[in-house]
Amino acid sequence: MVINVMKNISIWQDTVNNNDKYDSLKENLDLDVLIIGGGITGCSTFYQFKDDNIKVALVEKNRLGSGASSRSSAKLTFLQENIYTKLTNIFGKDKAHLYYKSQKEALENIYNIINKENIDCDLKVSNSYLYTINSTNIKKIEEEARILSSFNEKITFISQLPNKTKIESGFYVDNTYTFHPLKFIKEIVKKSISSNHMVYENTKIIKIEKQKDYFKCFTSNNTIKAKKVILALHYPYFLFPYLMPLKCYLEKSFLTCSLIKDKYEFNAINIEKPLKSIRYYNNYLLMVSSSTNLAFASNSEKMVKDLVNNTNIDNYDYIWSNYDLITLDHLPLVGFIDNNLLISTGYNTWGNTNGVLASFIIKDLIYNKNNIYQELFDPKRGFNRQKIINYPLNIFSSAYSFVDSKINKNKAFYQNNPYFTKRDGKNIAIYKDNKGIEHIVYNKCPHLKCSLVFNKVEKTWDCPCHGSRFDIDGNCIMGPSKYNIGYK
Ligand SMILES: Cc1cc2nc3c(=O)[nH]c(=O)nc-3n(C[C@H](O)[C@H](O)[C@H](O)COP(=O)(O)OP(=O)(O)OC[C@H]3O[C@@H](n4cnc5c(N)ncnc54)[C@H](O)[C@@H]3O)c2cc1C
């Protein structure tokens with residue numbers, strides 16, 4: 001099968017104005033609050049302090065919005081597969097309802113910010129559909145609908161999707177949205193900058209040291225002293241003592257975007273595997289599929305083939321991948337993990353609502369105010385005993401990736417290009433582009449030394465263990481690695 005693809009970046013990256021650039025940090029700073037990571041979480045949190053008389057900086061290792069936030073399907077919805085059934089089963093109805101309330105509140109907050117600040121980010125009202133194409137899953141649909149109805153949510157059952165897709169069962173809810181995530185991120189940051197509210201791009205924090213009553217954070221050239229630090233960096237790689245890596249795992253998915261003839265305004269997700277989530281953006285159909293634990297997601301070409309197999313689309317204008325952190329109990333991790341050190345992550349692929357919601361929670365916590373969601377999302381919470389079984393599974397999946405990356409993957413997928421060899425006693429990989437130019441990298445992730453796997457679809461080097469990604473010249477574009485892998 002030949003898949004015609006025009007671009008391997010997301011449609012959001014391709015359709016945003018990239019003129020607003022920020023300098024990298026060139027001096028030492030003394031701050032009240034340091035926010036590390038310029039995705040939807042970090043940028044929304046920066047916005048929260050906009051009118052406050054405190055000194056705040058937002059630092060981003062690449063460009064603002066260059067991480068997971070630039071690669072999502074950008075739905076803004078509280079209908080998140082059958083999350084309320086899952087939460088009811090684990091925590092009971094009250095907590096499931098509290099999560100529902102948090103997502104509704106997040107939607108209202110996003111809507112209010114966009115209106116108040118007059119942000120042009122292609123916000124569209126878009127009903128959200130949950131459906132199944134499999135008769136064995138009808139009960140699951142009915143159960144999710146029953147729980148939502150018990151929260152007084154209006155549910156409308158349907159027999160087909162608005163684009164005439166036949167289904168076995170499904171329903172929709174209204175008052176949900178879609179938007180352009182990068183337009184949103186860039187604008188809220190622009191509106192929040194002042195002499196005491198600074199933004200630095202291309203500024204990577206490589207070390208954080210706890211001092212008596214502040215944190216000392218290091219970039220390669222400067223230090224930042226901050227009374228409070230917010231880790232909005234998606235993957236909390238240096239938090240092993242808090243068992244973060246055991247409480248979650250990374251899931252990888254591919255997304256496609258194709259021009260279509262008919263224009264619709266709705267979004268939908270099915271309840272079974274393989275997942276198929278869709279939304280529309282202008283004349284494009286955006287699809288997410290083939291989500292899988294990162295440990296088992298090394299064959300990018302196969303993932304994309306699986307994705308396109310069940311469609312009648314031949315031309316894809318965009319294909320790209322994205323990762324998100326999945327928590328074992330389906331709830332995000334937001335709040336203090338140490339005195340004056342906060343994190344926000346683990347959004348289970350729903351980080352647009354949860355990233356903005358987190359910014360409100362974080363603001364309350366920073367000012368010592370109670371927030372009704374702080375206990376629900378507490379990152380130090382113990383995990384439900386039934387789920388403890390997954391801890392060893394998580395260790396296993398990382399260990400599996402590590403071993404498999406060493407012995408199998410590259411050999412299995414690529415005999416010639418990229419070509420793997422040794423130079424100066426180190427493993428290197430040579431990739432020849434279509435002009436015949438060689439791009440050489442060290443074939444090892446600087447983070448925890450996993451062998452990297454070449455992602456033939458997007459032409460990147462991907463770490464199968466913890467999700468670091470590098471371009472063909474070895475520059476780190478995503479994930480926990482602090483270093484590049486370019487061969488000098
Ligand atoms: C396939 C897929 C589809 C999705 N679709 C949706 C959707 O429709 N709706 C929805 O709500 N959510 C969706 N999500 C989830 C959403 O994309 C993420 O949860 C969200 O973008 C995470 O935002 P973030 O700010 O936490 O992380 P990021 O956007 O990754 O931001 C973290 C930033 O921190 C920076 N950083 C990291 N380390 C450092 C450092 N040491 N120093 C400085 N900067 C650093 C990174 O460069 C990055 O820019 C989807 C996820 C996937 C995988």
# chains A, B, ... in the order shown; residues from 1 in each chain; ligands from 1
call {"tool": "residues_near_ligand", "arguments": {"ligand": "ligand 1", "cutoff": "6 Å", "atoms": "only C-alpha atoms and all ligand atoms", "output": "count of residues only"}}
result
43
call {"tool": "residues_around", "arguments": {"residues": "range 174-182 of chain A", "least_positions_apart": "4", "cutoff": "7 Å", "atoms": "only C-alpha atoms", "output": "MDAnalysis selection string"}}
result
chainID A and resid 12 16 65 69:70 74:77 121:128 186
call {"tool": "residues_around", "arguments": {"residues": "His197 in chain A", "least_positions_apart": "6", "cutoff": "7 Å", "atoms": "only C-alpha atoms", "output": "NGL selection string"}}
result
:A and (55-57)
call {"tool": "atom_distance", "arguments": {"atom1": "CA of Glu201 in chain A", "atom2": "CA of Lys21 in chain A"}}
result
7.6 Å
call {"tool": "select_by_dssp", "arguments": {"residues": "range 291-487 of chain A", "states": "strand (DSSP E or B)", "output": "MDAnalysis selection string"}}
result
chainID A and resid 291:293 315:327 333:338 341:345 419:423 426:432 438:442 444 451 453:455 460:462 469:470 476:478 486
call {"tool": "residues_around", "arguments": {"residues": "Asn137 in chain A", "least_positions_apart": "2", "cutoff": "12 Å", "atoms": "only C-alpha atoms", "output": "NGL selection string"}}
result
:A and (82 or 130-135 or 139-144 or 167-170 or 270-273)
call {"tool": "residues_around", "arguments": {"residues": "Lys50 in chain A", "least_positions_apart": "2", "cutoff": "8 Å", "atoms": "only C-alpha atoms", "output": "PDB file with N, CA, C and O atoms, in the first residue's frame"}}
result
ATOM      1  N   PHE A  46       1.357  30.577  33.334  1.00  0.00           N
ATOM      2  CA  PHE A  46       1.963  31.913  33.180  1.00  0.00           C
ATOM      3  C   PHE A  46       0.855  32.964  33.084  1.00  0.00           C
ATOM      4  O   PHE A  46       0.918  34.019  33.720  1.00  0.00           O
ATOM      5  N   TYR A  47      -0.181  32.649  32.335  1.00  0.00           N
ATOM      6  CA  TYR A  47      -1.318  33.568  32.175  1.00  0.00           C
ATOM      7  C   TYR A  47      -1.988  33.853  33.532  1.00  0.00           C
ATOM      8  O   TYR A  47      -2.414  34.978  33.807  1.00  0.00           O
ATOM      9  N   GLN A  48      -2.047  32.849  34.391  1.00  0.00           N
ATOM     10  CA  GLN A  48      -2.715  33.023  35.688  1.00  0.00           C
ATOM     11  C   GLN A  48      -2.089  34.131  36.526  1.00  0.00           C
ATOM     12  O   GLN A  48      -2.757  34.756  37.341  1.00  0.00           O
ATOM     13  N   ASP A  52      -0.555  39.772  38.614  1.00  0.00           N
ATOM     14  CA  ASP A  52      -0.081  39.699  40.000  1.00  0.00           C
ATOM     15  C   ASP A  52       1.264  40.394  40.154  1.00  0.00           C
ATOM     16  O   ASP A  52       2.115  40.327  39.260  1.00  0.00           O
ATOM     17  N   LYS A 191      -0.220  38.030  25.825  1.00  0.00           N
ATOM     18  CA  LYS A 191      -1.043  38.939  26.640  1.00  0.00           C
ATOM     19  C   LYS A 191      -0.518  39.041  28.076  1.00  0.00           C
ATOM     20  O   LYS A 191      -0.995  39.865  28.846  1.00  0.00           O
ATOM     21  N   SER A 192       0.397  38.160  28.474  1.00  0.00           N
ATOM     22  CA  SER A 192       0.787  38.103  29.889  1.00  0.00           C
ATOM     23  C   SER A 192       2.172  38.673  30.160  1.00  0.00           C
ATOM     24  O   SER A 192       2.601  38.727  31.316  1.00  0.00           O
ATOM     25  N   ILE A 193       2.886  39.071  29.110  1.00  0.00           N
ATOM     26  CA  ILE A 193       4.277  39.516  29.299  1.00  0.00           C
ATOM     27  C   ILE A 193       4.332  40.940  29.848  1.00  0.00           C
ATOM     28  O   ILE A 193       3.562  41.803  29.436  1.00  0.00           O
ATOM     29  N   HIS A 197       7.139  39.725  34.193  1.00  0.00           N
ATOM     30  CA  HIS A 197       6.606  38.446  33.708  1.00  0.00           C
ATOM     31  C   HIS A 197       7.322  38.132  32.405  1.00  0.00           C
ATOM     32  O   HIS A 197       6.947  38.628  31.344  1.00  0.00           O
TER      33      HIS A 197
END
call {"tool": "closest_residue", "arguments": {"among": "A:Asn434, A:Ser359, A:Asn293, A:Ser298", "to": "Cys43 in chain A", "atoms": "only C-alpha atoms"}}
result
A:Ser359
call {"tool": "select_by_dssp", "arguments": {"residues": "range 6-168 of chain A", "states": "helix (DSSP H, G or I)", "output": "number ranges by chain"}}
result
A: 11-14, 40-48, 68-70, 83-91, 93-116, 135-150
call {"tool": "closest_residue", "arguments": {"among": "A:Tyr487, A:Phe78, A:Tyr264, A:Phe157", "to": "Ile278 in chain A", "atoms": "only C-alpha atoms"}}
result
A:Tyr264
call {"tool": "residues_around", "arguments": {"residues": "range 28-35 of chain A", "least_positions_apart": "2", "cutoff": "6 Å", "atoms": "only C-alpha atoms", "output": "list of chain:residue names"}}
result
A:Lys55, A:Val56, A:Ala57, A:Leu58, A:Asn222, A:Thr223, A:Ile224, A:Lys225, A:Ala226, A:Lys227, A:Lys228, A:Val229, A:Ile230
call {"tool": "write_last_selection", "arguments": {"atoms": "all heavy atoms", "output": "short mmCIF file (atom, residue, chain, number, x, y, z; two decimals), in the first residue's frame"}}
result
data_model
loop_
_atom_site.label_atom_id
_atom_site.label_comp_id
_atom_site.auth_asym_id
_atom_site.auth_seq_id
_atom_site.Cartn_x
_atom_site.Cartn_y
_atom_site.Cartn_z
N LYS A 55 7.31 38.27 40.64
CA LYS A 55 8.24 38.12 39.52
C LYS A 55 8.20 36.66 39.04
O LYS A 55 8.51 35.74 39.80
CB LYS A 55 9.65 38.50 40.00
CG LYS A 55 10.53 38.92 38.86
CD LYS A 55 11.78 39.60 39.38
CE LYS A 55 12.71 39.86 38.21
NZ LYS A 55 14.00 40.33 38.60
N VAL A 56 7.80 36.49 37.78
CA VAL A 56 7.57 35.15 37.23
C VAL A 56 8.32 34.99 35.91
O VAL A 56 8.36 35.92 35.10
CB VAL A 56 6.06 34.94 36.91
CG1 VAL A 56 5.80 33.53 36.42
CG2 VAL A 56 5.21 35.26 38.11
N ALA A 57 8.91 33.82 35.70
CA ALA A 57 9.48 33.54 34.37
C ALA A 57 8.98 32.18 33.89
O ALA A 57 8.80 31.24 34.67
CB ALA A 57 10.99 33.56 34.40
N LEU A 58 8.75 32.12 32.58
CA LEU A 58 8.39 30.86 31.91
C LEU A 58 9.57 30.49 31.02
O LEU A 58 9.98 31.31 30.16
CB LEU A 58 7.13 31.09 31.07
CG LEU A 58 6.72 30.01 30.06
CD1 LEU A 58 6.33 28.72 30.78
CD2 LEU A 58 5.53 30.49 29.22
N ASN A 222 23.42 29.77 32.98
CA ASN A 222 22.92 30.66 34.03
C ASN A 222 22.23 29.89 35.16
O ASN A 222 21.91 28.72 35.01
CB ASN A 222 21.90 31.65 33.44
CG ASN A 222 22.54 32.55 32.40
OD1 ASN A 222 22.40 32.33 31.21
ND2 ASN A 222 23.28 33.53 32.87
N THR A 223 21.98 30.62 36.24
CA THR A 223 21.19 30.00 37.33
C THR A 223 19.95 30.86 37.60
O THR A 223 19.97 32.08 37.44
CB THR A 223 21.99 29.90 38.65
OG1 THR A 223 22.50 31.19 38.96
CG2 THR A 223 23.10 28.91 38.57
N ILE A 224 18.91 30.18 37.98
CA ILE A 224 17.66 30.87 38.33
C ILE A 224 17.31 30.48 39.76
O ILE A 224 17.18 29.29 40.08
CB ILE A 224 16.50 30.44 37.41
CG1 ILE A 224 16.88 30.65 35.94
CG2 ILE A 224 15.23 31.22 37.75
CD1 ILE A 224 15.85 30.11 34.95
N LYS A 225 17.20 31.51 40.58
CA LYS A 225 16.79 31.29 41.97
C LYS A 225 15.28 31.52 42.01
O LYS A 225 14.81 32.56 41.51
CB LYS A 225 17.49 32.36 42.81
CG LYS A 225 17.92 31.96 44.17
CD LYS A 225 18.69 33.08 44.80
CE LYS A 225 18.12 33.32 46.18
NZ LYS A 225 18.80 34.39 46.90
N ALA A 226 14.52 30.57 42.53
CA ALA A 226 13.06 30.77 42.55
C ALA A 226 12.48 30.24 43.85
O ALA A 226 12.85 29.16 44.31
CB ALA A 226 12.42 30.06 41.37
N LYS A 227 11.55 31.04 44.42
CA LYS A 227 10.92 30.59 45.68
C LYS A 227 10.01 29.39 45.41
O LYS A 227 9.89 28.51 46.25
CB LYS A 227 10.09 31.74 46.27
CG LYS A 227 10.96 32.86 46.81
CD LYS A 227 10.11 33.88 47.56
CE LYS A 227 10.94 35.10 47.88
NZ LYS A 227 10.41 36.34 47.30
N LYS A 228 9.34 29.42 44.26
CA LYS A 228 8.47 28.29 43.91
C LYS A 228 8.75 27.88 42.47
O LYS A 228 8.97 28.73 41.61
CB LYS A 228 7.00 28.67 44.05
CG LYS A 228 6.67 29.13 45.47
CD LYS A 228 5.22 28.99 45.78
CE LYS A 228 4.82 29.70 47.05
NZ LYS A 228 5.18 29.16 48.30
N VAL A 229 8.74 26.56 42.24
CA VAL A 229 9.01 26.05 40.89
C VAL A 229 7.85 25.16 40.46
O VAL A 229 7.38 24.30 41.22
CB VAL A 229 10.33 25.24 40.86
CG1 VAL A 229 10.53 24.58 39.50
CG2 VAL A 229 11.52 26.15 41.18
N ILE A 230 7.40 25.40 39.23
CA ILE A 230 6.31 24.59 38.68
C ILE A 230 6.86 23.78 37.50
O ILE A 230 7.36 24.35 36.53
CB ILE A 230 5.15 25.50 38.20
CG1 ILE A 230 4.58 26.27 39.39
CG2 ILE A 230 4.07 24.68 37.52
CD1 ILE A 230 3.86 27.53 39.02
#
call {"tool": "residues_around", "arguments": {"residues": "Ile208 in chain A", "least_positions_apart": "2", "cutoff": "7 Å", "atoms": "only C-alpha atoms", "output": "PyMOL selection string"}}
result
chain A and resi 210+215-218
call {"tool": "write_last_selection", "arguments": {"atoms": "N, CA and C atoms", "output": "PDB file, in the first residue's frame"}}
result
ATOM      1  N   LYS A 210      17.581  21.803  45.540  1.00  0.00           N
ATOM      2  CA  LYS A 210      16.764  22.355  46.618  1.00  0.00           C
ATOM      3  C   LYS A 210      17.674  23.036  47.630  1.00  0.00           C
ATOM      4  N   PHE A 215      14.668  27.274  45.358  1.00  0.00           N
ATOM      5  CA  PHE A 215      15.281  26.294  44.462  1.00  0.00           C
ATOM      6  C   PHE A 215      16.285  27.003  43.569  1.00  0.00           C
ATOM      7  N   LYS A 216      17.370  26.302  43.286  1.00  0.00           N
ATOM      8  CA  LYS A 216      18.360  26.845  42.373  1.00  0.00           C
ATOM      9  C   LYS A 216      18.287  25.988  41.104  1.00  0.00           C
ATOM     10  N   CYS A 217      17.920  26.618  40.009  1.00  0.00           N
ATOM     11  CA  CYS A 217      17.747  25.874  38.756  1.00  0.00           C
ATOM     12  C   CYS A 217      18.837  26.290  37.782  1.00  0.00           C
ATOM     13  N   PHE A 218      19.377  25.323  37.088  1.00  0.00           N
ATOM     14  CA  PHE A 218      20.528  25.587  36.226  1.00  0.00           C
ATOM     15  C   PHE A 218      20.169  25.414  34.762  1.00  0.00           C
TER      16      PHE A 218
END
call {"tool": "atom_distance", "arguments": {"atom1": "CA of Asn312 in chain A", "atom2": "CA of Leu285 in chain A"}}
result
12.4 Å
call {"tool": "closest_residue", "arguments": {"among": "A:Val453, A:Asn282, A:Gln211, A:Leu448", "to": "Pro480 in chain A", "atoms": "only C-alpha atoms"}}
result
A:Leu448
